[in-house]
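Visitor: I'd like to ask some things about the structure below.
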Amino acid sequence: MISKEDIEHLKDLARVEFVEKETEKLAGDLGAILAHIDSLKDADVSGVAEAVRAIDLKNIFRKDESAARNVEADQYQTTIALISAFPEKHDAGHGTYLKVKSIL
Amino acid sequence: MTIKEFHEALKNKKTSVKGTIVSYLDKIKKENKNLNAYLEVFAEESMARAEDIDKRIEEGEEPLELLGVPIAMKDNILIRGHIASAASKILGNYVASYDAFVIEKLKKAGVIFLGRTNMDEFAMGSSTENSAYGPARNPFDSERVPGGSSGGSAAAVGGGLAMAALGSDTGGSIRQPAAFCGVVGLKPTYGAVSRSGLIAMASSLDQIGPIAQSVEDAETIFNIISGKDGLDSTSTELGDHGAKPQKRPGRQADKIGVPKEYFSEGLDLRIKKSIDDIIGKLSKDHEIIEISLPHTKYALDCYYIIVPAEVSSNMARYDGIRYGARQNAPDLLDVYKKSRGEGIGLEVRRRILLGTYVLSHGYYDAYYSRAQKVRALIKKDFDEVFKKPARDATPASNASRSDTGWHSVVGGVDVIVAPTTPSLPFKIGEKSDPLSMYLSDIYTIPANLAGIPALSLPIGKIDNLPVGMQLIAPHFGERRLFGLGREIEKMIK
């Protein structure tokens with residue numbers, strides 16, 4: 001069972017907020033899901049290796065150069081698209097300065 | 001009209017691309033208000049592309065098999081210059097800056113994108129009720145869900161609002177809505193189709209695949225979108241397995257496995273009967289054997305550890321810093337928490353929290369590591385059933401019993417048949433707690449965990465609601481799915 005304190009701690013770890021009403025239901029929902037998941041304890045996994053992926057993979061190397069999809073497309077347009085998606089910008093630099101909160 | 005029929009008509013100058021697009025746009029205009037299958041329709045762009053293609057055909061161009069075909073695109077697949085929101089508020093204004101691999105392929109094939117379709121937010125859900133833009137509805141009964149998460153794509157094809165569509169399938173998100181909307185849906189082998197340009201949910205399970213009106217149409221689209229891509233290192237060339245249709249010399253009997261775990265408690269008896277009828281008909285030309293996949297009972301729980309774990313990591317990028325709405329707060333932690341709290345829906349946040357929990361220190365071994373081991377066992381169940389027995393092995397020497405039941409009673413199975421869903425399409429609002437919703441994917445999840453291909457195709461209706469049947473093949477066995485799928489289609493007609 002997950003305690004209320006655990007949930008508050010997880011919210012911080014996961015960087016995600018829930019309003020009060022959602023939080024109340026959350027403990028119950030997570031509890032029910034975790035209780036269900038508990039059935040895995042019955043599975044005999046002794047000597048079994050973890051399957052991280054569904055298919056066997058080997059490491060793949062490639063040349064250290066740009067592999068962008070639309071190479072023929074105007075790179076400038078791509079930059080503009082990325083900048084315009086940014087939620088906050090500064091007028092300086094013709095609006096190409098991106099605004100974020102200071103970390104320190 | 002199927003892709004095949006349209007292509008024939010276009011080749012013989014019996015139809016025009018423009019006329020076809022106009023009729024689809026008209027139907028969308030009339031019916032999408034109710035169905036909410038499309039979040040956005042690219043009307044002008046579609047018309048311009050249609051006129052261009054008609055002109056080219058008039059000038060003598062020989063149409064390729066997908067030229068001018070109107071296709072709907074799930075809202076988590078990137079089309080350069082168009083919004084891709086994954087039906088989330090946090091990506092509501094996100095405009096894709098590049099084309100997904102599958103989009104690039106379809107553009108080259110001359111496809112016309114009609115619009116982007118509704119889905120469960122970030123593909124998390126089984127009913128398309130988790131969309132930030134309102135639920136989509138089932139074209140056969142608007143009180144009911146179209147399934148999910150690719151519910152908009154399936155509703156569009158099932159309701160005649162698109163000739164075909166693409167969806168994505170992490171635990172059944174193509175097959176379950178295809179079953180609910182009376183259409184064909186394919187989840188390809190993991191790695192058969194590049195995930196580049198697909199908004200990631202659970203990267204070890206996600207696959208893009210076609211939703212179509214016929215098995216043949218699904219195969220045509222699959223042949224175009226599959227193949228190796230340098231931008232997805234898990235993608236592979238199909239190689240000798242070849243997805244290209246090959247004429248089989250005469251009729252060849254398949255060994256069809258019927259897994260008893262998929263027909264037990266929880267399956268609607270009417271669905272069971274529909275599938276049993278088909279199996280009965282198949283037994284005339286094929287060998288039918290009962291098989292056991294003993295770890296099936298763990299699949300759902302295994303999935304609901306692995307998926308939230310991968311989700312909690314993949315969703316970390318939606319932090320309100322680079323795209324979407326940013327909420328202001330005194331310190332950075334609260335900016336993250338508030339932006340995500342406001343911009344991301346409840347089910348997605350619930351999975352982020354659950355994933356964070358199962359991956360956190362002290363719980364990793366009990367949950368995530370154990371789930372990955374169980375995943376290996378589920379995969380092994382399939383491997384053993386599909387394994388070709390050695391030539392001199394008799395069935396008796398190939399059988400063994402263990403305390404968990406039958407193990408590889410008989411190997412050499414070509415295709416497994418099973419229901420796609422345990423129930424008929426349910427009512428909107430019917431499944432309000434997360435667990436009961438999760439259970440609707442119980443028959444589709446194992447194929448994702450094992451990375452093997454699976455196809456759902458319609459086999460009839462009960463109370464005017466469509467029923468789907470699922471075919472499952474070994475890795476890169478898509479051709480077998482298409483072959484048997486076409487046979488079943490003929491039986492029903």
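Naming works like this for the structure tokens: A, B, ... for the chains as they're shown, residue 1 at the start of each chain, ligands 1 onward in shown order.
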Skipping near chain neighbours, those fewer than 5 positions away, what residues fall within 12 Å of range 89-95 of chain A using only C-alpha atoms, listed as a ChimeraX atom specification?
Guide: /A:80,82-84,100-101 /B:321-323,326
Visitor: Select residues of chain B: the criterion is any atom within 6 Å of an atom of chain A, counting only C-alpha atoms; output as JSON, numbers by chain.
Guide: {"B": [94, 97, 204, 301, 322, 323, 336, 337, 338, 340, 341, 372, 373, 376, 450, 451]}
Visitor: Take the selection from the previous step and output its residues with N, CA and C atoms, as a compact mmCIF listing (two decimals), in the first residue's frame.
Guide:
```
# COMPACT_ATOMS: atom_id res chain seq x y z
N TYR B 94 2.02 22.18 -30.58
CA TYR B 94 3.30 21.69 -31.08
C TYR B 94 3.20 21.39 -32.57
N SER B 97 8.50 19.47 -36.67
CA SER B 97 9.54 20.09 -37.49
C SER B 97 10.18 19.09 -38.45
N SER B 204 9.96 0.02 -25.85
CA SER B 204 10.29 -1.38 -26.14
C SER B 204 9.08 -2.13 -26.68
N ASP B 301 -0.20 -7.98 -15.79
CA ASP B 301 0.54 -7.38 -14.67
C ASP B 301 1.97 -7.01 -15.08
N ARG B 322 10.17 23.41 -23.21
CA ARG B 322 10.43 23.54 -24.65
C ARG B 322 9.19 23.63 -25.53
N TYR B 323 8.08 23.01 -25.08
CA TYR B 323 6.85 23.17 -25.85
C TYR B 323 5.65 23.19 -24.92
N TYR B 336 7.79 22.97 -13.19
CA TYR B 336 7.64 21.63 -13.76
C TYR B 336 6.32 21.00 -13.31
N LYS B 337 6.15 20.98 -11.99
CA LYS B 337 4.99 20.27 -11.44
C LYS B 337 3.68 20.86 -11.93
N LYS B 338 3.61 22.19 -11.96
CA LYS B 338 2.37 22.84 -12.36
C LYS B 338 2.12 22.69 -13.86
N ARG B 340 3.13 20.36 -15.85
CA ARG B 340 2.75 18.98 -16.13
C ARG B 340 1.37 18.67 -15.53
N GLY B 341 1.11 19.22 -14.36
CA GLY B 341 -0.19 19.00 -13.72
C GLY B 341 -1.33 19.57 -14.54
N GLN B 372 10.52 -7.91 -16.10
CA GLN B 372 11.32 -8.20 -17.30
C GLN B 372 11.62 -9.69 -17.42
N LYS B 373 11.75 -10.34 -16.27
CA LYS B 373 11.98 -11.79 -16.29
C LYS B 373 10.70 -12.53 -16.72
N ALA B 376 10.32 -12.41 -20.31
CA ALA B 376 11.12 -13.44 -20.99
C ALA B 376 10.37 -14.77 -21.03
N ALA B 450 6.10 -9.97 -26.48
CA ALA B 450 6.97 -10.90 -27.21
C ALA B 450 7.52 -10.29 -28.49
N GLY B 451 7.00 -9.14 -28.91
CA GLY B 451 7.49 -8.47 -30.11
C GLY B 451 7.05 -9.12 -31.42
```
Visitor: Can you list, as an MDAnalysis selection string, every protein, DNA or RNA residue that comes within 9 Å of range 419-430 of chain B when you count only C-alpha atoms, leaving out same-chain residues fewer than 5 positions away?
Guide: chainID B and resid 127 129 135 137:138 141:147 172 175:177 179:181 262:263 266:268 271:272 275 439:444 455:457 462 465:471
Visitor: Those same residues, written as a PDB file, in the first residue's frame with C-alpha atoms?
Guide:
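Heads up, here's the output in out.pdb:
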```
ATOM      1  CA  SER B 127     -11.392   3.739 -25.367  1.00  0.00           C
ATOM      2  CA  GLU B 129     -12.076   8.643 -23.679  1.00  0.00           C
ATOM      3  CA  PRO B 135     -14.068  11.171 -26.624  1.00  0.00           C
ATOM      4  CA  ARG B 137     -17.446   7.533 -30.748  1.00  0.00           C
ATOM      5  CA  ASN B 138     -18.067   4.145 -32.310  1.00  0.00           C
ATOM      6  CA  ASP B 141     -23.266   2.915 -31.999  1.00  0.00           C
ATOM      7  CA  SER B 142     -22.451   6.426 -30.904  1.00  0.00           C
ATOM      8  CA  GLU B 143     -23.211   5.589 -27.263  1.00  0.00           C
ATOM      9  CA  ARG B 144     -20.228   3.258 -27.327  1.00  0.00           C
ATOM     10  CA  VAL B 145     -16.472   3.698 -27.493  1.00  0.00           C
ATOM     11  CA  PRO B 146     -14.485   3.018 -30.672  1.00  0.00           C
ATOM     12  CA  GLY B 147     -11.759   1.403 -28.577  1.00  0.00           C
ATOM     13  CA  GLY B 172      -3.415  -3.507 -28.448  1.00  0.00           C
ATOM     14  CA  ARG B 175      -6.075  -4.249 -32.871  1.00  0.00           C
ATOM     15  CA  GLN B 176      -8.637  -3.519 -30.136  1.00  0.00           C
ATOM     16  CA  PRO B 177     -10.136  -0.418 -31.845  1.00  0.00           C
ATOM     17  CA  ALA B 179     -12.068  -5.027 -33.645  1.00  0.00           C
ATOM     18  CA  PHE B 180     -14.520  -2.533 -32.108  1.00  0.00           C
ATOM     19  CA  CYS B 181     -14.968  -0.640 -35.399  1.00  0.00           C
ATOM     20  CA  TYR B 262      -7.454 -17.060 -24.439  1.00  0.00           C
ATOM     21  CA  PHE B 263     -10.818 -18.801 -24.288  1.00  0.00           C
ATOM     22  CA  GLY B 266     -13.850 -13.444 -18.885  1.00  0.00           C
ATOM     23  CA  LEU B 267     -14.495 -13.967 -22.601  1.00  0.00           C
ATOM     24  CA  ASP B 268     -17.972 -13.026 -23.830  1.00  0.00           C
ATOM     25  CA  ILE B 271     -17.529 -13.841 -29.131  1.00  0.00           C
ATOM     26  CA  LYS B 272     -16.258 -17.312 -28.249  1.00  0.00           C
ATOM     27  CA  ILE B 275     -14.499 -17.584 -33.203  1.00  0.00           C
ATOM     28  CA  LEU B 439      -8.440  -5.685 -18.649  1.00  0.00           C
ATOM     29  CA  SER B 440      -9.878  -4.917 -22.095  1.00  0.00           C
ATOM     30  CA  ASP B 441      -6.363  -5.400 -23.541  1.00  0.00           C
ATOM     31  CA  ILE B 442      -5.812  -8.791 -21.969  1.00  0.00           C
ATOM     32  CA  TYR B 443      -5.626 -10.714 -25.282  1.00  0.00           C
ATOM     33  CA  THR B 444      -3.570  -8.171 -27.192  1.00  0.00           C
ATOM     34  CA  LEU B 455      -3.590  -8.962 -36.913  1.00  0.00           C
ATOM     35  CA  SER B 456      -7.207  -8.322 -35.977  1.00  0.00           C
ATOM     36  CA  LEU B 457      -9.864  -8.802 -38.611  1.00  0.00           C
ATOM     37  CA  ILE B 462     -23.376  -9.448 -32.600  1.00  0.00           C
ATOM     38  CA  LEU B 465     -21.594  -4.549 -32.966  1.00  0.00           C
ATOM     39  CA  PRO B 466     -18.448  -5.809 -34.726  1.00  0.00           C
ATOM     40  CA  VAL B 467     -16.447  -8.810 -33.513  1.00  0.00           C
ATOM     41  CA  GLY B 468     -12.719  -9.147 -34.148  1.00  0.00           C
ATOM     42  CA  MET B 469     -10.549 -12.226 -34.420  1.00  0.00           C
ATOM     43  CA  GLN B 470      -6.841 -12.114 -33.759  1.00  0.00           C
ATOM     44  CA  LEU B 471      -4.123 -13.962 -35.682  1.00  0.00           C
TER      45      LEU B 471
END
```
Visitor: Enter the distance from CA of Lys388 in chain B to CA of Pro474 in chain B, in Å, rounded to one decimal.
Guide: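 Value for the CA of Lys388 in chain B-CA of Pro474 in chain B distance: 11.0 Å.
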Visitor: Check the DSSP output for the backbone and give back, as a ChimeraX atom specification, the residues of range 122-213 of chain B in strand (DSSP E).
Guide: /B:164-169,184-187,207-212
Visitor: Skipping near chain neighbours, those fewer than 5 positions away, what residues fall within 6 Å of range 158-170 of chain B using only C-alpha atoms, listed as an MDAnalysis selection string?
Guide: chainID B and resid 24 28 70:74 139 150 153 181:183 205:212
Visitor: Give me, as JSON, numbers by chain, the residues of range 127-339 of chain B that a backbone DSSP run labels alpha helix (DSSP H).
Guide: {"B": [151, 152, 153, 154, 155, 156, 157, 158, 175, 176, 177, 178, 179, 180, 215, 216, 217, 218, 219, 220, 221, 222, 223, 224, 225, 269, 270, 271, 272, 273, 274, 275, 276, 277, 278, 279, 280, 281, 282, 299, 300, 301, 302, 303, 304, 305, 306, 307, 308, 309, 310, 311, 312, 313, 314, 332, 333, 334, 335, 336, 337, 338, 339]}
Visitor: Tell me, as a list in words, which residues lie within 7 Å of range 278-293 of chain B, counting only C-alpha atoms; anything in the same chain fewer than 2 positions away does not count.
Guide: Ala253, Asp254, Lys255, Ile256, Gly257, Val258, Pro259, Lys260, Glu261, Ser274, Ile275, Asp276, His295, Thr296, Asp381, Phe382, Trp406, His407 and Val409 of chain B
Visitor: Filtering to N, CA and C atoms, could you give me those residues as a PDB file, in the first residue's frame?
Guide:
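Below is the file that was written, out-v3.pdb:
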```pdb
ATOM      1  N   ALA B 253      -1.591 -26.200 -46.194  1.00  0.00           N
ATOM      2  CA  ALA B 253      -2.251 -26.247 -44.893  1.00  0.00           C
ATOM      3  C   ALA B 253      -1.356 -25.625 -43.824  1.00  0.00           C
ATOM      4  N   ASP B 254      -1.979 -24.833 -42.972  1.00  0.00           N
ATOM      5  CA  ASP B 254      -1.265 -24.276 -41.835  1.00  0.00           C
ATOM      6  C   ASP B 254      -1.539 -25.128 -40.610  1.00  0.00           C
ATOM      7  N   LYS B 255      -0.602 -25.080 -39.687  1.00  0.00           N
ATOM      8  CA  LYS B 255      -0.851 -25.676 -38.385  1.00  0.00           C
ATOM      9  C   LYS B 255      -1.299 -24.517 -37.487  1.00  0.00           C
ATOM     10  N   ILE B 256      -2.568 -24.554 -37.111  1.00  0.00           N
ATOM     11  CA  ILE B 256      -3.148 -23.424 -36.379  1.00  0.00           C
ATOM     12  C   ILE B 256      -3.295 -23.777 -34.906  1.00  0.00           C
ATOM     13  N   GLY B 257      -2.715 -22.960 -34.063  1.00  0.00           N
ATOM     14  CA  GLY B 257      -2.762 -23.194 -32.629  1.00  0.00           C
ATOM     15  C   GLY B 257      -3.882 -22.398 -31.973  1.00  0.00           C
ATOM     16  N   VAL B 258      -4.638 -23.061 -31.101  1.00  0.00           N
ATOM     17  CA  VAL B 258      -5.708 -22.395 -30.359  1.00  0.00           C
ATOM     18  C   VAL B 258      -5.320 -22.402 -28.874  1.00  0.00           C
ATOM     19  N   PRO B 259      -4.881 -21.274 -28.347  1.00  0.00           N
ATOM     20  CA  PRO B 259      -4.408 -21.247 -26.960  1.00  0.00           C
ATOM     21  C   PRO B 259      -5.558 -21.248 -25.965  1.00  0.00           C
ATOM     22  N   LYS B 260      -5.590 -22.271 -25.113  1.00  0.00           N
ATOM     23  CA  LYS B 260      -6.752 -22.413 -24.216  1.00  0.00           C
ATOM     24  C   LYS B 260      -6.877 -21.225 -23.252  1.00  0.00           C
ATOM     25  N   GLU B 261      -5.736 -20.583 -22.941  1.00  0.00           N
ATOM     26  CA  GLU B 261      -5.774 -19.454 -21.993  1.00  0.00           C
ATOM     27  C   GLU B 261      -6.562 -18.258 -22.523  1.00  0.00           C
ATOM     28  N   SER B 274     -18.514 -17.114 -32.065  1.00  0.00           N
ATOM     29  CA  SER B 274     -18.148 -16.605 -33.402  1.00  0.00           C
ATOM     30  C   SER B 274     -16.789 -17.139 -33.814  1.00  0.00           C
ATOM     31  N   ILE B 275     -15.852 -17.141 -32.872  1.00  0.00           N
ATOM     32  CA  ILE B 275     -14.499 -17.584 -33.203  1.00  0.00           C
ATOM     33  C   ILE B 275     -14.459 -19.094 -33.395  1.00  0.00           C
ATOM     34  N   ASP B 276     -15.185 -19.809 -32.544  1.00  0.00           N
ATOM     35  CA  ASP B 276     -15.248 -21.267 -32.701  1.00  0.00           C
ATOM     36  C   ASP B 276     -15.792 -21.643 -34.082  1.00  0.00           C
ATOM     37  N   HIS B 295       2.135 -18.781 -19.366  1.00  0.00           N
ATOM     38  CA  HIS B 295       2.411 -17.542 -18.629  1.00  0.00           C
ATOM     39  C   HIS B 295       1.504 -16.378 -19.029  1.00  0.00           C
ATOM     40  N   THR B 296       0.506 -16.663 -19.880  1.00  0.00           N
ATOM     41  CA  THR B 296      -0.433 -15.624 -20.311  1.00  0.00           C
ATOM     42  C   THR B 296      -1.058 -14.897 -19.127  1.00  0.00           C
ATOM     43  N   ASP B 381       7.132 -18.843 -24.075  1.00  0.00           N
ATOM     44  CA  ASP B 381       5.900 -19.598 -24.376  1.00  0.00           C
ATOM     45  C   ASP B 381       5.645 -19.602 -25.886  1.00  0.00           C
ATOM     46  N   PHE B 382       5.720 -18.416 -26.480  1.00  0.00           N
ATOM     47  CA  PHE B 382       5.463 -18.302 -27.925  1.00  0.00           C
ATOM     48  C   PHE B 382       6.559 -19.013 -28.715  1.00  0.00           C
ATOM     49  N   TRP B 406       0.944 -27.713 -19.522  1.00  0.00           N
ATOM     50  CA  TRP B 406       1.602 -28.248 -20.714  1.00  0.00           C
ATOM     51  C   TRP B 406       2.642 -27.278 -21.218  1.00  0.00           C
ATOM     52  N   HIS B 407       3.788 -27.791 -21.554  1.00  0.00           N
ATOM     53  CA  HIS B 407       4.803 -26.977 -22.204  1.00  0.00           C
ATOM     54  C   HIS B 407       5.034 -27.547 -23.589  1.00  0.00           C
ATOM     55  N   VAL B 409       3.459 -28.714 -26.071  1.00  0.00           N
ATOM     56  CA  VAL B 409       2.864 -30.018 -26.347  1.00  0.00           C
ATOM     57  C   VAL B 409       3.246 -30.432 -27.759  1.00  0.00           C
TER      58      VAL B 409
END
```
Visitor: What's the 6 Å shell around Gly412 in chain B, counting only C-alpha atoms, without same-chain residues fewer than 5 positions away, as a VMD selection string?
Guide: chain B and resid 386 to 389
Visitor: Pick out the residues sitting within 12 Å of Ile57 in chain B, and hand them over as a ChimeraX atom specification; count only C-alpha atoms, and ignore anything fewer than 3 positions along from it in its own chain.
Guide: /B:10-13,15-18,50-54,60-64,67-68,110
Visitor: Hey, can you spit out that residue selection with N, CA and C atoms as a PDB file, in the first residue's frame?
Guide:
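Output file result.pdb is given in full below:
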```pdb
ATOM      1  N   LEU B  10      -8.973   4.172 -60.574  1.00  0.00           N
ATOM      2  CA  LEU B  10      -8.124   5.300 -60.967  1.00  0.00           C
ATOM      3  C   LEU B  10      -7.334   4.949 -62.236  1.00  0.00           C
ATOM      4  N   LYS B  11      -6.827   3.704 -62.257  1.00  0.00           N
ATOM      5  CA  LYS B  11      -6.044   3.254 -63.414  1.00  0.00           C
ATOM      6  C   LYS B  11      -6.890   3.260 -64.683  1.00  0.00           C
ATOM      7  N   ASN B  12      -8.153   2.843 -64.514  1.00  0.00           N
ATOM      8  CA  ASN B  12      -9.045   2.762 -65.668  1.00  0.00           C
ATOM      9  C   ASN B  12      -9.812   4.052 -65.909  1.00  0.00           C
ATOM     10  N   LYS B  13      -9.362   5.102 -65.229  1.00  0.00           N
ATOM     11  CA  LYS B  13      -9.963   6.434 -65.392  1.00  0.00           C
ATOM     12  C   LYS B  13     -11.477   6.432 -65.108  1.00  0.00           C
ATOM     13  N   THR B  15     -12.531   6.976 -62.016  1.00  0.00           N
ATOM     14  CA  THR B  15     -12.729   7.929 -60.920  1.00  0.00           C
ATOM     15  C   THR B  15     -11.599   8.941 -60.953  1.00  0.00           C
ATOM     16  N   SER B  16     -11.795  10.051 -60.260  1.00  0.00           N
ATOM     17  CA  SER B  16     -10.720  11.035 -60.126  1.00  0.00           C
ATOM     18  C   SER B  16     -10.346  11.136 -58.656  1.00  0.00           C
ATOM     19  N   VAL B  17      -9.110  11.559 -58.407  1.00  0.00           N
ATOM     20  CA  VAL B  17      -8.682  11.719 -57.020  1.00  0.00           C
ATOM     21  C   VAL B  17      -9.487  12.843 -56.370  1.00  0.00           C
ATOM     22  N   LYS B  18      -9.674  13.927 -57.116  1.00  0.00           N
ATOM     23  CA  LYS B  18     -10.393  15.068 -56.559  1.00  0.00           C
ATOM     24  C   LYS B  18     -11.813  14.680 -56.148  1.00  0.00           C
ATOM     25  N   ALA B  50      -4.885  16.586 -54.447  1.00  0.00           N
ATOM     26  CA  ALA B  50      -5.732  15.790 -55.348  1.00  0.00           C
ATOM     27  C   ALA B  50      -5.706  16.372 -56.763  1.00  0.00           C
ATOM     28  N   GLU B  51      -5.831  17.689 -56.838  1.00  0.00           N
ATOM     29  CA  GLU B  51      -5.835  18.339 -58.165  1.00  0.00           C
ATOM     30  C   GLU B  51      -4.514  18.105 -58.875  1.00  0.00           C
ATOM     31  N   ASP B  52      -3.434  18.195 -58.114  1.00  0.00           N
ATOM     32  CA  ASP B  52      -2.105  17.989 -58.680  1.00  0.00           C
ATOM     33  C   ASP B  52      -1.963  16.563 -59.232  1.00  0.00           C
ATOM     34  N   ILE B  53      -2.431  15.589 -58.427  1.00  0.00           N
ATOM     35  CA  ILE B  53      -2.306  14.190 -58.849  1.00  0.00           C
ATOM     36  C   ILE B  53      -3.156  13.908 -60.081  1.00  0.00           C
ATOM     37  N   ASP B  54      -4.386  14.443 -60.091  1.00  0.00           N
ATOM     38  CA  ASP B  54      -5.252  14.254 -61.264  1.00  0.00           C
ATOM     39  C   ASP B  54      -4.583  14.779 -62.532  1.00  0.00           C
ATOM     40  N   GLY B  60      -0.416  11.423 -68.217  1.00  0.00           N
ATOM     41  CA  GLY B  60       0.102  10.100 -68.579  1.00  0.00           C
ATOM     42  C   GLY B  60       0.823   9.332 -67.486  1.00  0.00           C
ATOM     43  N   GLU B  61       0.885   9.893 -66.277  1.00  0.00           N
ATOM     44  CA  GLU B  61       1.572   9.166 -65.205  1.00  0.00           C
ATOM     45  C   GLU B  61       0.794   7.898 -64.834  1.00  0.00           C
ATOM     46  N   GLU B  62       1.550   6.813 -64.681  1.00  0.00           N
ATOM     47  CA  GLU B  62       0.944   5.532 -64.294  1.00  0.00           C
ATOM     48  C   GLU B  62       0.803   5.528 -62.766  1.00  0.00           C
ATOM     49  N   PRO B  63      -0.423   5.428 -62.231  1.00  0.00           N
ATOM     50  CA  PRO B  63      -0.569   5.545 -60.766  1.00  0.00           C
ATOM     51  C   PRO B  63       0.054   4.374 -60.001  1.00  0.00           C
ATOM     52  N   LEU B  64       0.836   4.711 -58.960  1.00  0.00           N
ATOM     53  CA  LEU B  64       1.326   3.690 -58.031  1.00  0.00           C
ATOM     54  C   LEU B  64       0.150   3.221 -57.181  1.00  0.00           C
ATOM     55  N   LEU B  67      -1.227   5.855 -54.824  1.00  0.00           N
ATOM     56  CA  LEU B  67      -1.341   7.234 -55.314  1.00  0.00           C
ATOM     57  C   LEU B  67      -2.758   7.778 -55.102  1.00  0.00           C
ATOM     58  N   GLY B  68      -2.833   8.925 -54.441  1.00  0.00           N
ATOM     59  CA  GLY B  68      -4.108   9.593 -54.228  1.00  0.00           C
ATOM     60  C   GLY B  68      -4.985   8.980 -53.152  1.00  0.00           C
ATOM     61  N   GLY B 110       2.667   8.827 -52.687  1.00  0.00           N
ATOM     62  CA  GLY B 110       1.606   9.663 -53.234  1.00  0.00           C
ATOM     63  C   GLY B 110       0.310   9.688 -52.443  1.00  0.00           C
TER      64      GLY B 110
END
```
Visitor: Report, in Å with one decimal, the straight-line distance from CA of Thr20 in chain B to CA of Glu58 in chain B.
Guide: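 Separation of CA of Thr20 in chain B and CA of Glu58 in chain B: 15.9 Å.
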Visitor: State, in Å with one decimal place, the distance from CA of Gly460 in chain B to CA of Ser173 in chain B.
Guide: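 A separation of 20.4 Å between them.
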